[in-house]
>>> print(open('input15.txt').read())   # compact mmCIF, C-alpha atoms
# COMPACT_ATOMS: atom_id res chain seq x y z
CA ALA F 210 0.00 0.00 0.00
CA GLN F 211 1.08 3.53 -0.66
CA LYS F 212 1.50 6.06 2.08
CA VAL F 213 2.62 9.68 2.24
CA THR F 214 3.56 11.24 5.56
CA GLN F 215 3.84 14.96 6.16
CA ALA F 216 4.81 15.19 9.79
CA GLN F 217 4.48 18.97 9.98
CA THR F 218 0.82 19.92 10.11
CA GLU F 219 1.41 23.64 10.60
CA ILE F 220 4.45 25.87 10.25
CA SER F 221 4.77 29.58 10.87
CA VAL F 222 7.73 31.59 9.65
CA VAL F 223 8.53 35.24 9.42
CA GLU F 224 8.75 36.68 5.94
CA LYS F 225 12.15 36.21 4.26
CA GLU F 226 12.97 33.14 6.32
CA ASP F 227 13.70 29.87 4.59
CA VAL F 228 11.38 26.96 5.32
CA THR F 229 11.51 23.26 4.49
CA LEU F 230 8.44 21.08 4.24
CA ASP F 231 9.09 17.41 4.85
CA CYS F 232 7.58 14.50 2.97
CA VAL F 233 8.25 10.80 3.50
CA TYR F 234 6.63 8.17 1.33
CA GLU F 235 6.13 4.43 1.22
CA THR F 236 5.52 2.31 -1.85
CA ARG F 237 6.31 -1.19 -3.07
CA ASP F 238 6.54 -0.02 -6.66
CA THR F 239 9.89 0.52 -8.28
CA THR F 240 8.49 3.08 -10.67
CA TYR F 241 6.44 5.90 -9.26
CA TYR F 242 5.93 9.64 -9.32
CA LEU F 243 6.09 12.21 -6.55
CA PHE F 244 4.38 15.59 -6.58
CA TRP F 245 3.93 18.74 -4.61
CA TYR F 246 0.75 20.80 -4.79
CA LYS F 247 -0.14 24.17 -3.31
CA GLN F 248 -3.63 24.96 -2.06
CA PRO F 249 -4.03 28.67 -1.30
CA PRO F 250 -6.99 29.92 0.75
CA SER F 251 -9.05 30.19 -2.42
CA GLY F 252 -9.10 26.41 -2.52
CA GLU F 253 -7.79 25.44 -5.92
CA LEU F 254 -4.98 22.90 -6.15
CA VAL F 255 -1.93 24.16 -7.98
CA PHE F 256 0.55 21.65 -9.35
CA LEU F 257 4.14 22.61 -8.45
CA ILE F 258 6.43 19.76 -9.44
CA ARG F 259 6.67 16.14 -10.49
CA ARG F 260 9.59 13.83 -9.81
CA ASN F 261 10.05 10.38 -11.37
CA SER F 262 11.40 7.61 -9.20
CA PHE F 263 14.36 7.06 -11.50
CA ASP F 264 15.45 10.68 -11.48
CA GLU F 265 17.01 11.80 -8.22
CA GLN F 266 18.25 15.11 -9.48
CA ASN F 267 17.29 17.95 -7.24
CA GLU F 268 15.41 20.79 -8.82
CA ILE F 269 15.29 24.52 -8.30
CA SER F 270 12.65 26.85 -9.62
CA GLY F 271 13.07 30.40 -8.46
CA ARG F 272 12.67 30.43 -4.68
CA TYR F 273 11.47 26.83 -4.66
CA SER F 274 13.71 23.78 -4.50
CA TRP F 275 13.07 20.10 -4.04
CA ASN F 276 15.32 17.42 -2.60
CA PHE F 277 14.50 13.84 -3.59
CA GLN F 278 16.35 11.04 -1.80
CA LYS F 279 15.30 7.46 -2.54
CA SER F 280 17.59 6.12 0.18
CA THR F 281 15.45 7.80 2.83
CA SER F 282 12.18 7.82 0.81
CA SER F 283 11.94 11.54 1.20
CA PHE F 284 10.92 14.35 -1.09
CA ASN F 285 11.38 17.62 0.76
CA PHE F 286 10.39 21.07 -0.42
CA THR F 287 12.26 24.24 0.51
CA ILE F 288 11.04 27.78 0.04
CA THR F 289 13.82 30.34 0.20
CA ALA F 290 13.14 33.88 1.37
CA SER F 291 9.49 33.15 2.06
CA GLN F 292 6.81 35.65 1.17
CA VAL F 293 3.29 36.22 2.43
CA VAL F 294 1.94 34.87 -0.86
CA ASP F 295 3.49 31.53 0.00
CA SER F 296 0.93 31.09 2.78
CA ALA F 297 -1.06 28.02 1.80
CA VAL F 298 -1.49 24.34 2.46
CA TYR F 299 1.10 22.23 0.67
CA PHE F 300 0.42 18.63 -0.24
CA CYS F 301 2.94 15.97 -1.10
CA ALA F 302 1.54 13.15 -3.25
CA LEU F 303 2.56 9.82 -4.74
CA ARG F 304 1.33 8.00 -7.81
CA ASP F 305 2.35 4.54 -8.95
CA SER F 306 2.86 3.66 -12.57
CA GLY F 307 0.56 0.68 -12.65
CA GLY F 308 -2.72 0.47 -14.49
CA TYR F 309 -4.74 1.92 -11.67
CA GLN F 310 -2.51 4.95 -11.15
CA LYS F 311 -4.10 6.17 -7.98
CA VAL F 312 -2.70 9.32 -6.37
CA THR F 313 -2.17 9.18 -2.63
CA PHE F 314 -1.94 12.52 -0.82
CA GLY F 315 -0.30 13.42 2.43
CA ILE F 316 -2.29 15.22 5.07
CA GLY F 317 -0.82 18.56 4.06
CA THR F 318 1.32 21.18 5.76
CA LYS F 319 -0.25 24.54 6.45
CA LEU F 320 2.35 27.23 6.01
CA GLN F 321 1.78 30.68 7.42
CA VAL F 322 4.22 33.40 6.46
CA ILE F 323 4.01 36.32 8.84
CA PRO F 324 4.88 39.75 7.48
CA SER Q 242 -2.14 20.73 -18.88
CA ALA Q 243 -5.89 20.30 -19.27
CA VAL Q 244 -8.48 22.94 -18.50
CA ILE Q 245 -11.07 21.50 -16.16
CA SER Q 246 -14.37 23.19 -15.44
CA GLN Q 247 -16.55 22.16 -12.55
CA LYS Q 248 -20.11 23.16 -11.86
CA PRO Q 249 -21.43 24.33 -9.51
CA SER Q 250 -18.55 26.04 -7.74
CA ARG Q 251 -20.49 25.99 -4.48
CA ASP Q 252 -23.90 25.07 -3.18
CA ILE Q 253 -25.86 24.90 0.02
CA CYS Q 254 -28.24 21.97 0.11
CA GLN Q 255 -30.87 20.59 2.41
CA ARG Q 256 -30.24 17.24 4.04
CA GLY Q 257 -31.89 14.35 2.27
CA THR Q 258 -31.54 15.91 -1.17
CA SER Q 259 -29.05 15.12 -3.93
CA LEU Q 260 -26.59 17.26 -5.86
CA THR Q 261 -25.00 16.47 -9.19
CA ILE Q 262 -21.58 17.95 -9.89
CA GLN Q 263 -20.40 18.30 -13.46
CA CYS Q 264 -16.83 18.11 -14.71
CA GLN Q 265 -15.91 19.18 -18.23
CA VAL Q 266 -12.41 18.79 -19.68
CA ASP Q 267 -11.10 20.60 -22.74
CA SER Q 268 -9.45 17.46 -24.16
CA GLN Q 269 -10.25 13.77 -24.34
CA VAL Q 270 -9.01 11.78 -21.38
CA THR Q 271 -9.29 8.11 -20.56
CA MET Q 272 -9.46 8.35 -16.79
CA MET Q 273 -11.19 10.90 -14.61
CA PHE Q 274 -10.93 10.90 -10.86
CA TRP Q 275 -13.25 12.24 -8.20
CA TYR Q 276 -11.89 13.34 -4.82
CA ARG Q 277 -13.41 14.58 -1.61
CA GLN Q 278 -11.70 17.03 0.73
CA GLN Q 279 -13.41 17.33 4.07
CA PRO Q 280 -12.83 20.56 6.02
CA GLY Q 281 -9.21 20.87 7.06
CA GLN Q 282 -8.36 17.45 5.66
CA SER Q 283 -6.42 15.97 2.79
CA LEU Q 284 -7.85 14.67 -0.45
CA THR Q 285 -9.46 11.27 -0.53
CA LEU Q 286 -10.15 9.46 -3.77
CA ILE Q 287 -13.82 8.57 -4.17
CA ALA Q 288 -13.70 6.75 -7.49
CA THR Q 289 -12.09 6.45 -10.88
CA ALA Q 290 -14.30 6.89 -13.92
CA ASN Q 291 -13.42 5.38 -17.27
CA GLN Q 292 -15.56 6.03 -20.30
CA GLY Q 293 -17.73 3.08 -21.21
CA SER Q 294 -17.36 1.18 -17.98
CA GLU Q 295 -18.55 1.28 -14.40
CA ALA Q 296 -16.65 3.53 -12.06
CA THR Q 297 -14.24 1.93 -9.63
CA TYR Q 298 -14.93 2.99 -6.05
CA GLU Q 299 -12.47 3.22 -3.20
CA SER Q 300 -13.06 1.56 0.11
CA GLY Q 301 -15.67 3.44 2.07
CA PHE Q 302 -17.47 4.84 -0.96
CA VAL Q 303 -20.43 3.14 -2.64
CA ILE Q 304 -22.23 3.66 -5.89
CA ASP Q 305 -25.61 4.20 -4.27
CA LYS Q 306 -24.27 7.19 -2.37
CA PHE Q 307 -21.95 8.57 -5.07
CA PRO Q 308 -23.23 7.51 -8.50
CA ILE Q 309 -20.93 8.57 -11.32
CA SER Q 310 -21.59 8.93 -15.01
CA ARG Q 311 -18.99 9.08 -17.77
CA PRO Q 312 -20.85 9.44 -21.03
CA ASN Q 313 -17.85 10.50 -23.12
CA LEU Q 314 -14.14 11.24 -22.97
CA THR Q 315 -14.51 14.87 -21.88
CA PHE Q 316 -17.31 14.83 -19.33
CA SER Q 317 -18.29 13.22 -16.04
CA THR Q 318 -20.76 13.78 -13.25
CA LEU Q 319 -20.69 12.88 -9.59
CA THR Q 320 -23.92 12.81 -7.62
CA VAL Q 321 -23.95 13.10 -3.86
CA SER Q 322 -27.16 11.36 -2.83
CA ASN Q 323 -29.34 11.62 0.25
CA MET Q 324 -27.03 14.20 1.72
CA SER Q 325 -26.26 14.70 5.37
CA PRO Q 326 -24.15 17.38 7.07
CA GLU Q 327 -21.22 14.94 7.04
CA ASP Q 328 -21.14 15.27 3.25
CA SER Q 329 -20.15 18.91 3.56
CA SER Q 330 -16.83 18.97 1.70
CA ILE Q 331 -15.03 20.16 -1.36
CA TYR Q 332 -15.48 17.76 -4.25
CA LEU Q 333 -12.85 17.85 -6.99
CA CYS Q 334 -12.50 16.16 -10.31
CA SER Q 335 -9.08 15.43 -11.68
CA VAL Q 336 -7.46 14.31 -14.90
CA GLY Q 337 -3.96 13.89 -16.17
CA LEU Q 338 -1.09 11.47 -16.11
CA PRO Q 339 1.28 11.33 -14.51
CA GLU Q 340 0.62 14.62 -12.74
CA ALA Q 341 -2.98 15.23 -11.81
CA PHE Q 342 -4.69 18.48 -12.63
CA PHE Q 343 -7.77 19.58 -10.79
CA GLY Q 344 -10.90 21.53 -11.36
CA GLN Q 345 -11.55 24.45 -9.05
CA GLY Q 346 -13.73 22.25 -6.87
CA THR Q 347 -17.31 22.31 -5.65
CA ARG Q 348 -17.81 23.54 -2.10
CA LEU Q 349 -20.82 21.73 -0.74
CA THR Q 350 -22.52 22.67 2.50
CA VAL Q 351 -25.35 20.49 3.74
CA VAL Q 352 -27.72 22.04 6.27
>>> encode(input="input15.txt", output="structure tokens")
Amino acid sequence: AQKVTQAQTEISVVEKEDVTLDCVYETRDTTYYLFWYKQPPSGELVFLIRRNSFDEQNEISGRYSWNFQKSTSSFNFTITASQVVDSAVYFCALRDSGGYQKVTFGIGTKLQVIP
Amino acid sequence: SAVISQKPSRDICQRGTSLTIQCQVDSQVTMMFWYRQQPGQSLTLIATANQGSEATYESGFVIDKFPISRPNLTFSTLTVSNMSPEDSSIYLCSVGLPEAFFGQGTRLTVV
């Protein structure tokens, strides 16, 4: 069975601080995909990034960076120099590559950036 | 990425009634997914809808309560039947592989 654990339910940081959101996953599949989504107060789910299980390269996109480590089954997300607009709930998710292709979501981390 | 339109965006319904949520995609897709997000919670998959076949429901969700239609490759509906206040949630449809894209959701309040 697949499982995604986001141990941090709520984080508060002061604007311009760096913050890392943790994600640990479990799967028996050898091929799978990992994702991060942002859900601002308006409610829509915004896709941020996808990582394939066979690609452990870290990725940076502006102030966002992601660290994928298969050895520890972790896919952590760092926001550098946080801004108020980063305040949202962030979900880590896992999808296997089998025929069913179900997406399993973590419980989410609510990030509050204080001006 | 696909453009996904959901209707209605929100509704307030009386207990015991039913609500049908529509999901329209701007391109043909094989699989459509319906999720529920209860207040302050994560997303839970209700069912997977393939065109031309019965929807596949996750544990804890049954067809009588959440009937789904999938008449073609761009459209699906989810009905929430015989509603109770516990059904108050955001309902989202999703398409896309491997990354899932979501409609804006339907905020349902049952009173």
>>> interface_residues(input="input15.txt", of="chain Q", to="chain F", cutoff="9 Å", atoms="only C-alpha atoms", output="list in words")
Phe274, Gln282, Ser283, Leu284, Thr285, Leu286, Thr289, Ile331, Leu338, Pro339, Glu340, Ala341, Phe342, Phe343, Gly344, Gln345 and Gly346 of chain Q
>>> residues_around(input="input15.txt", residues="stretch 250-263 of chain Q", least_positions_apart="5", cutoff="6 Å", atoms="all atoms listed in the file", output="ChimeraX atom specification")
/Q:318-325,347-352
>>> closest_residue(input="input15.txt", among="Q:Pro312, Q:Gly281, Q:Asp328, Q:Trp275", to="Q:Tyr298", atoms="all atoms listed in the file")
Q:Trp275
>>> atom_distance(input="input15.txt", atom1="atom CA of F:Gln321", atom2="atom CA of F:Glu226")
11.5 Å
>>> atom_distance(input="input15.txt", atom1="atom CA of Q:Ile287", atom2="atom CA of Q:Gln265")
17.7 Å
>>> atom_distance(input="input15.txt", atom1="atom CA of F:Thr218", atom2="atom CA of F:Thr239")
28.2 Å
>>> residues_around(input="input15.txt", residues="F:Val222", least_positions_apart="4", cutoff="12 Å", atoms="all atoms listed in the file", output="ChimeraX atom specification")
/F:226-230,288-293,295-296,319-324
>>> write_last_selection(input="input15.txt", atoms="C-alpha atoms", output="mmCIF file, in the coordinates of the input")
data_model
loop_
_atom_site.group_PDB
_atom_site.id
_atom_site.type_symbol
_atom_site.label_atom_id
_atom_site.label_comp_id
_atom_site.auth_asym_id
_atom_site.auth_seq_id
_atom_site.Cartn_x
_atom_site.Cartn_y
_atom_site.Cartn_z
ATOM 1 C CA GLU F 226 12.970 33.140 6.320
ATOM 2 C CA ASP F 227 13.700 29.870 4.590
ATOM 3 C CA VAL F 228 11.380 26.960 5.320
ATOM 4 C CA THR F 229 11.510 23.260 4.490
ATOM 5 C CA LEU F 230 8.440 21.080 4.240
ATOM 6 C CA ILE F 288 11.040 27.780 0.040
ATOM 7 C CA THR F 289 13.820 30.340 0.200
ATOM 8 C CA ALA F 290 13.140 33.880 1.370
ATOM 9 C CA SER F 291 9.490 33.150 2.060
ATOM 10 C CA GLN F 292 6.810 35.650 1.170
ATOM 11 C CA VAL F 293 3.290 36.220 2.430
ATOM 12 C CA ASP F 295 3.490 31.530 0.000
ATOM 13 C CA SER F 296 0.930 31.090 2.780
ATOM 14 C CA LYS F 319 -0.250 24.540 6.450
ATOM 15 C CA LEU F 320 2.350 27.230 6.010
ATOM 16 C CA GLN F 321 1.780 30.680 7.420
ATOM 17 C CA VAL F 322 4.220 33.400 6.460
ATOM 18 C CA ILE F 323 4.010 36.320 8.840
ATOM 19 C CA PRO F 324 4.880 39.750 7.480
#
>>> closest_residue(input="input15.txt", among="F:Phe277, F:Ala297, F:Asp231, F:Thr287", to="F:Gln217", atoms="only C-alpha atoms")
F:Asp231
>>> residues_around(input="input15.txt", residues="Q:Asn313", least_positions_apart="6", cutoff="12 Å", atoms="only C-alpha atoms", output="PyMOL selection string")
chain Q and resi 264-266+268-273+290-294
>>> write_last_selection(input="input15.txt", atoms="C-alpha atoms", output="JSON list (two decimals), in the frame of the given file")
[["chain", "number", "residue", "atom", "x", "y", "z"],
["Q", 264, "CYS", "CA", -16.83, 18.11, -14.71],
["Q", 265, "GLN", "CA", -15.91, 19.18, -18.23],
["Q", 266, "VAL", "CA", -12.41, 18.79, -19.68],
["Q", 268, "SER", "CA", -9.45, 17.46, -24.16],
["Q", 269, "GLN", "CA", -10.25, 13.77, -24.34],
["Q", 270, "VAL", "CA", -9.01, 11.78, -21.38],
["Q", 271, "THR", "CA", -9.29, 8.11, -20.56],
["Q", 272, "MET", "CA", -9.46, 8.35, -16.79],
["Q", 273, "MET", "CA", -11.19, 10.90, -14.61],
["Q", 290, "ALA", "CA", -14.30, 6.89, -13.92],
["Q", 291, "ASN", "CA", -13.42, 5.38, -17.27],
["Q", 292, "GLN", "CA", -15.56, 6.03, -20.30],
["Q", 293, "GLY", "CA", -17.73, 3.08, -21.21],
["Q", 294, "SER", "CA", -17.36, 1.18, -17.98]]
>>> residues_around(input="input15.txt", residues="F:Tyr234", least_positions_apart="6", cutoff="6 Å", atoms="all atoms listed in the file", output="ChimeraX atom specification")
/F:212-213,282
